[in-house]
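Written out below as structure tokens is the structure these notes cover.
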Amino acid sequence: MFVVLEAAAISLIVSNNSQQGSVFFNSANQLSGNILNTQSNVFDYFSLVSVNKALLEKNTVLLQELERYRQPADSIIIPLDTLMASNYQFKGAKIINNSINLSQNFLTINKGAKDGIKEGMGVFNEEGVVGRVKGVTKNFASVISLLHTELLVSSKIESSEVFGSTKWDGRDSKKAKLLYVPRHVDLQVGDKVVTSGYNAVFPEGIPIGEIIEVAQGAETNYLDITIELATDFSRVSYVYLVENLFEDELQSLDPSN
Amino acid sequence: MNSNRIFLLIGGFLIYLIIQVVLLKNMVVFGFAFCFLYVLYILLLPLEMKTVPVMLIAFGLGLGVDVFYDTLGLHTASLVALAFLRNFWLKILTPTGGYDENLQPSILNMGFGWFTYYSLPLIILHHTLFFYIENIGTNLFFPVVQKIIASIIFVYVMSIIVQLMFYRRRRGL
């Protein structure tokens with residue numbers, strides 16, 4: 001009996017390890033989703049002030065950006081082909097469940113298949129990258145947090161355009177590692193790290209963090225870079241989801257498929 | 001076992017599950033001391049309960065907690081292991097003259113020293129298993145040991161407080 005139950009539990013652990021897939025036994029299912037939603041409705045009031053402040057700051061930045069794109073009255077718009085067309089579609093959602101202290105953390109959001117959320121969509125907020133959708137149910141979706149020791153996010157250093165992968169090492173919820181940056185690259189502490197746009201999940205240039213420490217890697221050809229994450233995961237409450245409209249087309253070009 | 005006892009068991013199960021996932025889930029002191037108070041429910045099941053029902057209850061409770069923690073199978077595996085060893089451990093700790101019938105192995109009925117001998121090794125087992133499986137694949141040693149030790153102390157202290165506050169002698173909840 002003991003063996004049977006333990007085997008069942010371990011098979012559940014193994015099946016849950018995939019990056020995408022079914023999320024029935026998970027906080028995104030109907031019952032637990034509703035309970036968490038109710039809970040978050042109650043506890044949300046305590047974070048209203050900081051959420052409002054963050055939104056106000058984001059709005060200010062967007063207003064400044066918008067000013068640059070405003071068309072003078074006498075200009076005409078020339079439609080371009082897919083080269084310049086908008087590749088990305090955005091959606092908003094609220095976090096109803098979050099964890100930061102385990103080594104494989106997940107978030108749950110209050111939008112699901114009904115609202116057009118799909119597996120593999122990128123998730124970010126006004127500060128920076130948050131994670132990636134693991135699976136969806138009708139009303140909720142489960143998101144792999146950037147604070148998950150197996151999630152890699154394709155990134156680059158903004159100033160020098162050097163590519164790497166951001167991965168959390170499981171220690172501190174404010175810091176992560178930037179992997180696969182060769183030793184010869186010249187880096188400065190304080191350089192910004194952003195998404196690279198090579199991974200077809202995130203648009204280019206969403207903040208990930210800032211380099212705070214550069215060391216020679218112990219035995220590899222790569223530098224050991226520590227970054228401070230732009231997103232404060234202990235406070236994330238509202239997020240944006242991004243879908244790459246050309247993801248299928250990009251995937252079909254990949255020779256490894 | 002009369003219907004009143006069964007009602008108490010089911011009620012306790014739901015109360016522990018809901019308190020765990022709604023309140024204690026977000027209560028992680030300093031970022032490394034977790035409060036897995038639900039193990040107390042399995043520890044305090046009646047003494048004469050057989051291993052198989054205890055394991056089935058543990059499986060259900062573990063799965064319920066896992067669903068909310070998004071750690072599918074982790075809590076389940078470690079809680080079933082705890083449930084499996086619980087009755088062995090109880091047998092070893094039998095006081096001279098045996099246990100009274102229908103007794104709850106709580107701090108009020110059995111005393112502080114006995115409860116420590118009984119609960120602490122089982123809590124240590126549960127937490128070690130949980131954090132070990134959780135961190136397979138990462139090469140973190142000290143952060144994990146820190147989490148294990150801090151959580152064990154936290155849960156042990158909380159379980160004593162909860163028993164003193166909410167339990168009565170000889171009866172559940």
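FYI, nothing fancy with the structure tokens labels: chains A, B, ... in order, residues from 1 per chain, ligands from 1 as they appear.
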
Q | Contact set, chain A to chain B: 7 Å, only C-alpha atoms, as number ranges by chain | A | A: 1-2, 6, 9-10, 12-13, 16, 25-27, 32, 39, 101, 103, 106, 171

Please, could you write that set of residues out with all heavy atoms as a short mmCIF file (atom, residue, chain, number, x, y, z; two decimals), in the first residue's frame?
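What landed in again-v2.cif:
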data_model
loop_
_atom_site.label_atom_id
_atom_site.label_comp_id
_atom_site.auth_asym_id
_atom_site.auth_seq_id
_atom_site.Cartn_x
_atom_site.Cartn_y
_atom_site.Cartn_z
N MET A 1 0.83 -1.20 0.00
CA MET A 1 0.00 0.00 0.00
C MET A 1 0.87 1.26 0.00
O MET A 1 0.67 2.19 -0.77
CB MET A 1 -0.87 -0.03 1.26
CG MET A 1 -1.98 0.98 1.23
SD MET A 1 -3.20 0.54 -0.02
CE MET A 1 -4.05 2.09 -0.18
N PHE A 2 1.88 1.20 0.88
CA PHE A 2 2.81 2.34 0.96
C PHE A 2 3.50 2.56 -0.37
O PHE A 2 3.59 3.69 -0.87
CB PHE A 2 3.85 2.04 2.05
CG PHE A 2 4.98 3.02 2.10
CD1 PHE A 2 4.75 4.33 2.47
CD2 PHE A 2 6.27 2.63 1.77
CE1 PHE A 2 5.79 5.24 2.52
CE2 PHE A 2 7.31 3.54 1.82
CZ PHE A 2 7.06 4.84 2.18
N GLU A 6 3.22 5.89 -2.69
CA GLU A 6 4.44 6.65 -2.99
C GLU A 6 4.70 6.69 -4.48
O GLU A 6 5.09 7.73 -5.03
CB GLU A 6 5.66 6.02 -2.28
CG GLU A 6 5.78 6.37 -0.81
CD GLU A 6 6.09 7.86 -0.57
OE1 GLU A 6 6.65 8.51 -1.46
OE2 GLU A 6 5.76 8.36 0.51
N ALA A 9 2.51 9.23 -6.00
CA ALA A 9 2.99 10.59 -5.73
C ALA A 9 4.18 10.93 -6.61
O ALA A 9 4.27 12.03 -7.17
CB ALA A 9 3.37 10.73 -4.26
N ILE A 10 5.10 9.97 -6.75
CA ILE A 10 6.30 10.26 -7.53
C ILE A 10 5.96 10.41 -9.01
O ILE A 10 6.50 11.28 -9.71
CB ILE A 10 7.37 9.17 -7.28
CG1 ILE A 10 7.93 9.36 -5.87
CG2 ILE A 10 8.50 9.25 -8.30
CD1 ILE A 10 8.72 8.22 -5.34
N LEU A 12 3.27 11.62 -10.11
CA LEU A 12 2.71 12.96 -10.22
C LEU A 12 3.83 14.00 -10.31
O LEU A 12 3.77 14.92 -11.11
CB LEU A 12 1.83 13.28 -9.01
CG LEU A 12 0.46 12.60 -8.97
CD1 LEU A 12 -0.24 12.91 -7.67
CD2 LEU A 12 -0.38 13.07 -10.13
N ILE A 13 4.87 13.82 -9.48
CA ILE A 13 5.99 14.78 -9.50
C ILE A 13 6.62 14.79 -10.89
O ILE A 13 6.86 15.84 -11.46
CB ILE A 13 7.06 14.40 -8.46
CG1 ILE A 13 6.49 14.43 -7.05
CG2 ILE A 13 8.26 15.32 -8.56
CD1 ILE A 13 7.45 14.01 -6.00
N ASN A 16 4.56 16.37 -13.60
CA ASN A 16 4.41 17.82 -13.44
C ASN A 16 5.64 18.58 -13.89
O ASN A 16 5.65 19.80 -13.94
CB ASN A 16 4.13 18.13 -11.97
CG ASN A 16 3.66 19.54 -11.77
OD1 ASN A 16 2.85 20.02 -12.56
ND2 ASN A 16 4.15 20.20 -10.76
N PHE A 25 -4.37 19.07 -11.84
CA PHE A 25 -4.07 18.94 -10.41
C PHE A 25 -3.20 20.07 -9.96
O PHE A 25 -2.03 19.89 -9.64
CB PHE A 25 -3.35 17.62 -10.15
CG PHE A 25 -4.29 16.50 -9.89
CD1 PHE A 25 -4.25 15.35 -10.66
CD2 PHE A 25 -5.22 16.60 -8.88
CE1 PHE A 25 -5.12 14.33 -10.42
CE2 PHE A 25 -6.11 15.57 -8.64
CZ PHE A 25 -6.05 14.43 -9.41
N ASN A 26 -3.72 21.25 -9.93
CA ASN A 26 -2.85 22.40 -9.85
C ASN A 26 -3.71 23.58 -9.45
O ASN A 26 -4.93 23.51 -9.51
CB ASN A 26 -2.26 22.48 -11.25
CG ASN A 26 -1.45 23.67 -11.52
OD1 ASN A 26 -1.89 24.76 -11.24
ND2 ASN A 26 -0.29 23.46 -12.08
N SER A 27 -3.08 24.64 -9.04
CA SER A 27 -3.87 25.74 -8.52
C SER A 27 -4.71 26.42 -9.60
O SER A 27 -5.47 27.32 -9.30
CB SER A 27 -2.97 26.76 -7.85
OG SER A 27 -2.05 27.23 -8.78
N SER A 32 -9.79 25.11 -6.88
CA SER A 32 -8.74 25.84 -6.18
C SER A 32 -8.61 27.25 -6.75
O SER A 32 -8.34 28.20 -6.02
CB SER A 32 -7.41 25.09 -6.28
OG SER A 32 -7.11 24.83 -7.62
N GLN A 39 -9.73 34.57 -2.10
CA GLN A 39 -8.71 34.99 -1.14
C GLN A 39 -8.01 36.25 -1.63
O GLN A 39 -7.82 37.21 -0.88
CB GLN A 39 -7.69 33.86 -0.97
CG GLN A 39 -6.62 34.20 0.04
CD GLN A 39 -5.34 33.44 -0.23
OE1 GLN A 39 -5.24 32.70 -1.20
NE2 GLN A 39 -4.38 33.61 0.63
N ASN A 101 9.43 31.24 -2.54
CA ASN A 101 10.42 30.69 -1.63
C ASN A 101 10.83 29.26 -1.93
O ASN A 101 11.78 28.76 -1.36
CB ASN A 101 9.89 30.75 -0.20
CG ASN A 101 9.68 32.19 0.23
OD1 ASN A 101 10.58 32.99 0.12
ND2 ASN A 101 8.47 32.51 0.66
N SER A 103 12.03 26.19 -4.80
CA SER A 103 13.02 26.29 -5.88
C SER A 103 12.33 26.21 -7.23
O SER A 103 12.93 26.49 -8.25
CB SER A 103 14.08 25.22 -5.74
OG SER A 103 13.56 23.97 -6.05
N PHE A 106 5.59 28.82 -9.00
CA PHE A 106 4.57 29.04 -10.01
C PHE A 106 3.66 30.17 -9.57
O PHE A 106 3.54 30.47 -8.39
CB PHE A 106 3.72 27.78 -10.20
CG PHE A 106 4.45 26.64 -10.83
CD1 PHE A 106 5.17 25.76 -10.06
CD2 PHE A 106 4.43 26.47 -12.20
CE1 PHE A 106 5.87 24.71 -10.63
CE2 PHE A 106 5.11 25.43 -12.80
CZ PHE A 106 5.83 24.54 -12.01
N ARG A 171 18.47 30.60 -5.06
CA ARG A 171 18.91 31.12 -3.76
C ARG A 171 18.09 32.31 -3.28
O ARG A 171 17.40 32.23 -2.28
CB ARG A 171 20.37 31.54 -3.84
CG ARG A 171 21.31 30.37 -3.81
CD ARG A 171 22.71 30.80 -4.21
NE ARG A 171 23.48 29.65 -4.63
CZ ARG A 171 24.15 28.87 -3.80
NH1 ARG A 171 24.15 29.11 -2.52
NH2 ARG A 171 24.82 27.83 -4.25
#

If you count only C-alpha atoms, which residues fall within 7 Å of range 145-162 of chain A, apart from same-chain ones fewer than 2 positions away, as a PDB file with C-alpha atoms, in the first residue's frame?
ATOM      1  CA  ILE A 100       8.782  32.848  -4.245  1.00  0.00           C
ATOM      2  CA  SER A 103      13.015  26.286  -5.876  1.00  0.00           C
ATOM      3  CA  GLN A 104      10.328  25.793  -8.491  1.00  0.00           C
ATOM      4  CA  ASN A 105       7.828  28.558  -8.158  1.00  0.00           C
ATOM      5  CA  PHE A 106       4.568  29.037 -10.010  1.00  0.00           C
ATOM      6  CA  LEU A 107       1.980  31.776 -10.256  1.00  0.00           C
ATOM      7  CA  VAL A 130       7.648  37.535 -14.722  1.00  0.00           C
ATOM      8  CA  GLY A 131       7.490  34.142 -16.444  1.00  0.00           C
ATOM      9  CA  ARG A 132       5.776  32.055 -19.045  1.00  0.00           C
ATOM     10  CA  VAL A 143       2.504  30.460 -14.997  1.00  0.00           C
ATOM     11  CA  GLY A 164      22.929  34.948 -22.890  1.00  0.00           C
ATOM     12  CA  SER A 165      20.284  33.064 -20.961  1.00  0.00           C
ATOM     13  CA  THR A 166      18.833  34.147 -17.670  1.00  0.00           C
ATOM     14  CA  LYS A 167      18.249  31.387 -15.168  1.00  0.00           C
ATOM     15  CA  TRP A 168      17.400  31.482 -11.488  1.00  0.00           C
ATOM     16  CA  ASP A 169      19.755  29.596  -9.193  1.00  0.00           C
ATOM     17  CA  GLY A 170      17.241  29.001  -6.408  1.00  0.00           C
ATOM     18  CA  SER A 173      14.300  35.803  -5.031  1.00  0.00           C
ATOM     19  CA  ASP A 191      24.626  47.130 -17.391  1.00  0.00           C
ATOM     20  CA  LYS A 192      20.970  46.440 -18.110  1.00  0.00           C
ATOM     21  CA  VAL A 193      19.838  42.973 -19.148  1.00  0.00           C
ATOM     22  CA  VAL A 194      16.725  42.738 -21.341  1.00  0.00           C
ATOM     23  CA  THR A 195      14.902  40.056 -23.339  1.00  0.00           C
ATOM     24  CA  SER A 196      16.529  39.329 -26.673  1.00  0.00           C
ATOM     25  CA  TYR A 198      15.246  35.484 -30.202  1.00  0.00           C
ATOM     26  CA  ASN A 199      13.023  33.137 -28.288  1.00  0.00           C
TER      27      ASN A 199
END

Q: Pick out the residues sitting within 6 Å of Ile227 in chain A, and hand them over as a PyMOL selection string; count only C-alpha atoms, and ignore anything fewer than 6 positions along from it in its own chain.
A: chain A and resi 175-177+209-212

Q. Range 6-204 of chain A: which residues are alpha helix (DSSP H) by DSSP, as a ChimeraX atom specification?
A. /A:6-15,30-43,48-69

Neighbour list for range 100-113 of chain B as a JSON list (two decimals) with C-alpha atoms, in the first residue's frame, cut-off 12 Å, only C-alpha atoms, skip fewer than 3 positions in-chain:
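So around.json came out as:
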[["chain", "number", "residue", "atom", "x", "y", "z"],
["B", 1, "MET", "CA", -15.95, 4.65, 15.43],
["B", 2, "ASN", "CA", -19.21, 6.55, 15.67],
["B", 5, "ARG", "CA", -15.80, 10.94, 15.39],
["B", 9, "LEU", "CA", -12.07, 13.78, 11.36],
["B", 40, "LEU", "CA", -0.03, 18.02, 12.80],
["B", 41, "TYR", "CA", -3.35, 16.67, 11.54],
["B", 42, "ILE", "CA", -1.74, 13.34, 10.61],
["B", 43, "LEU", "CA", 0.27, 13.29, 13.85],
["B", 44, "LEU", "CA", -2.87, 13.79, 15.92],
["B", 45, "LEU", "CA", -5.03, 11.11, 14.28],
["B", 46, "PRO", "CA", -6.32, 8.64, 16.88],
["B", 47, "LEU", "CA", -3.76, 6.18, 18.20],
["B", 48, "GLU", "CA", -5.60, 3.02, 17.24],
["B", 49, "MET", "CA", -6.04, 3.98, 13.62],
["B", 86, "ARG", "CA", 3.84, 6.92, 12.24],
["B", 87, "ASN", "CA", 2.46, 3.65, 13.59],
["B", 89, "TRP", "CA", 7.11, 4.92, 15.78],
["B", 90, "LEU", "CA", 4.04, 4.86, 18.03],
["B", 93, "LEU", "CA", 7.20, 4.68, 22.01],
["B", 94, "THR", "CA", 4.45, 2.69, 23.79],
["B", 95, "PRO", "CA", 4.65, 3.56, 27.48],
["B", 96, "THR", "CA", 4.65, 0.77, 30.04],
["B", 97, "GLY", "CA", 1.09, -0.44, 30.38],
["B", 116, "THR", "CA", 8.55, 15.82, 21.45],
["B", 117, "TYR", "CA", 9.94, 12.30, 21.10],
["B", 118, "TYR", "CA", 6.95, 11.37, 18.98],
["B", 119, "SER", "CA", 6.57, 14.38, 16.70],
["B", 120, "LEU", "CA", 10.04, 15.75, 16.16],
["B", 156, "TYR", "CA", 7.21, 22.28, 16.00],
["B", 157, "VAL", "CA", 6.62, 25.49, 17.93],
["B", 159, "SER", "CA", 2.10, 22.73, 16.63],
["B", 160, "ILE", "CA", 2.60, 23.14, 20.36],
["B", 161, "ILE", "CA", 0.88, 26.53, 20.35],
["B", 162, "VAL", "CA", -2.03, 25.25, 18.30],
["B", 163, "GLN", "CA", -2.54, 22.29, 20.58],
["B", 164, "LEU", "CA", -2.48, 24.40, 23.71],
["B", 165, "MET", "CA", -4.88, 26.91, 22.22],
["B", 166, "PHE", "CA", -7.39, 24.84, 20.28],
["B", 167, "TYR", "CA", -7.36, 21.31, 21.65],
["B", 168, "ARG", "CA", -9.03, 19.89, 24.69],
["B", 169, "ARG", "CA", -7.85, 16.98, 26.77],
["B", 170, "ARG", "CA", -8.89, 13.61, 25.31],
["B", 171, "ARG", "CA", -11.05, 15.05, 22.51],
["B", 172, "GLY", "CA", -10.33, 16.46, 19.09],
["B", 173, "LEU", "CA", -10.95, 20.03, 18.03]]

Q) If you run DSSP on this backbone, which residues of range 124-157 of chain A come out as strand (DSSP E), and could you give them as a PyMOL selection string? A) chain A and resi 124+129-136+141-148+153-157

**Q.** Interatomic distance (Å, one decimal) between CA of Gly135 in chain A and CA of Phe246 in chain A
**A.** 19.9 Å
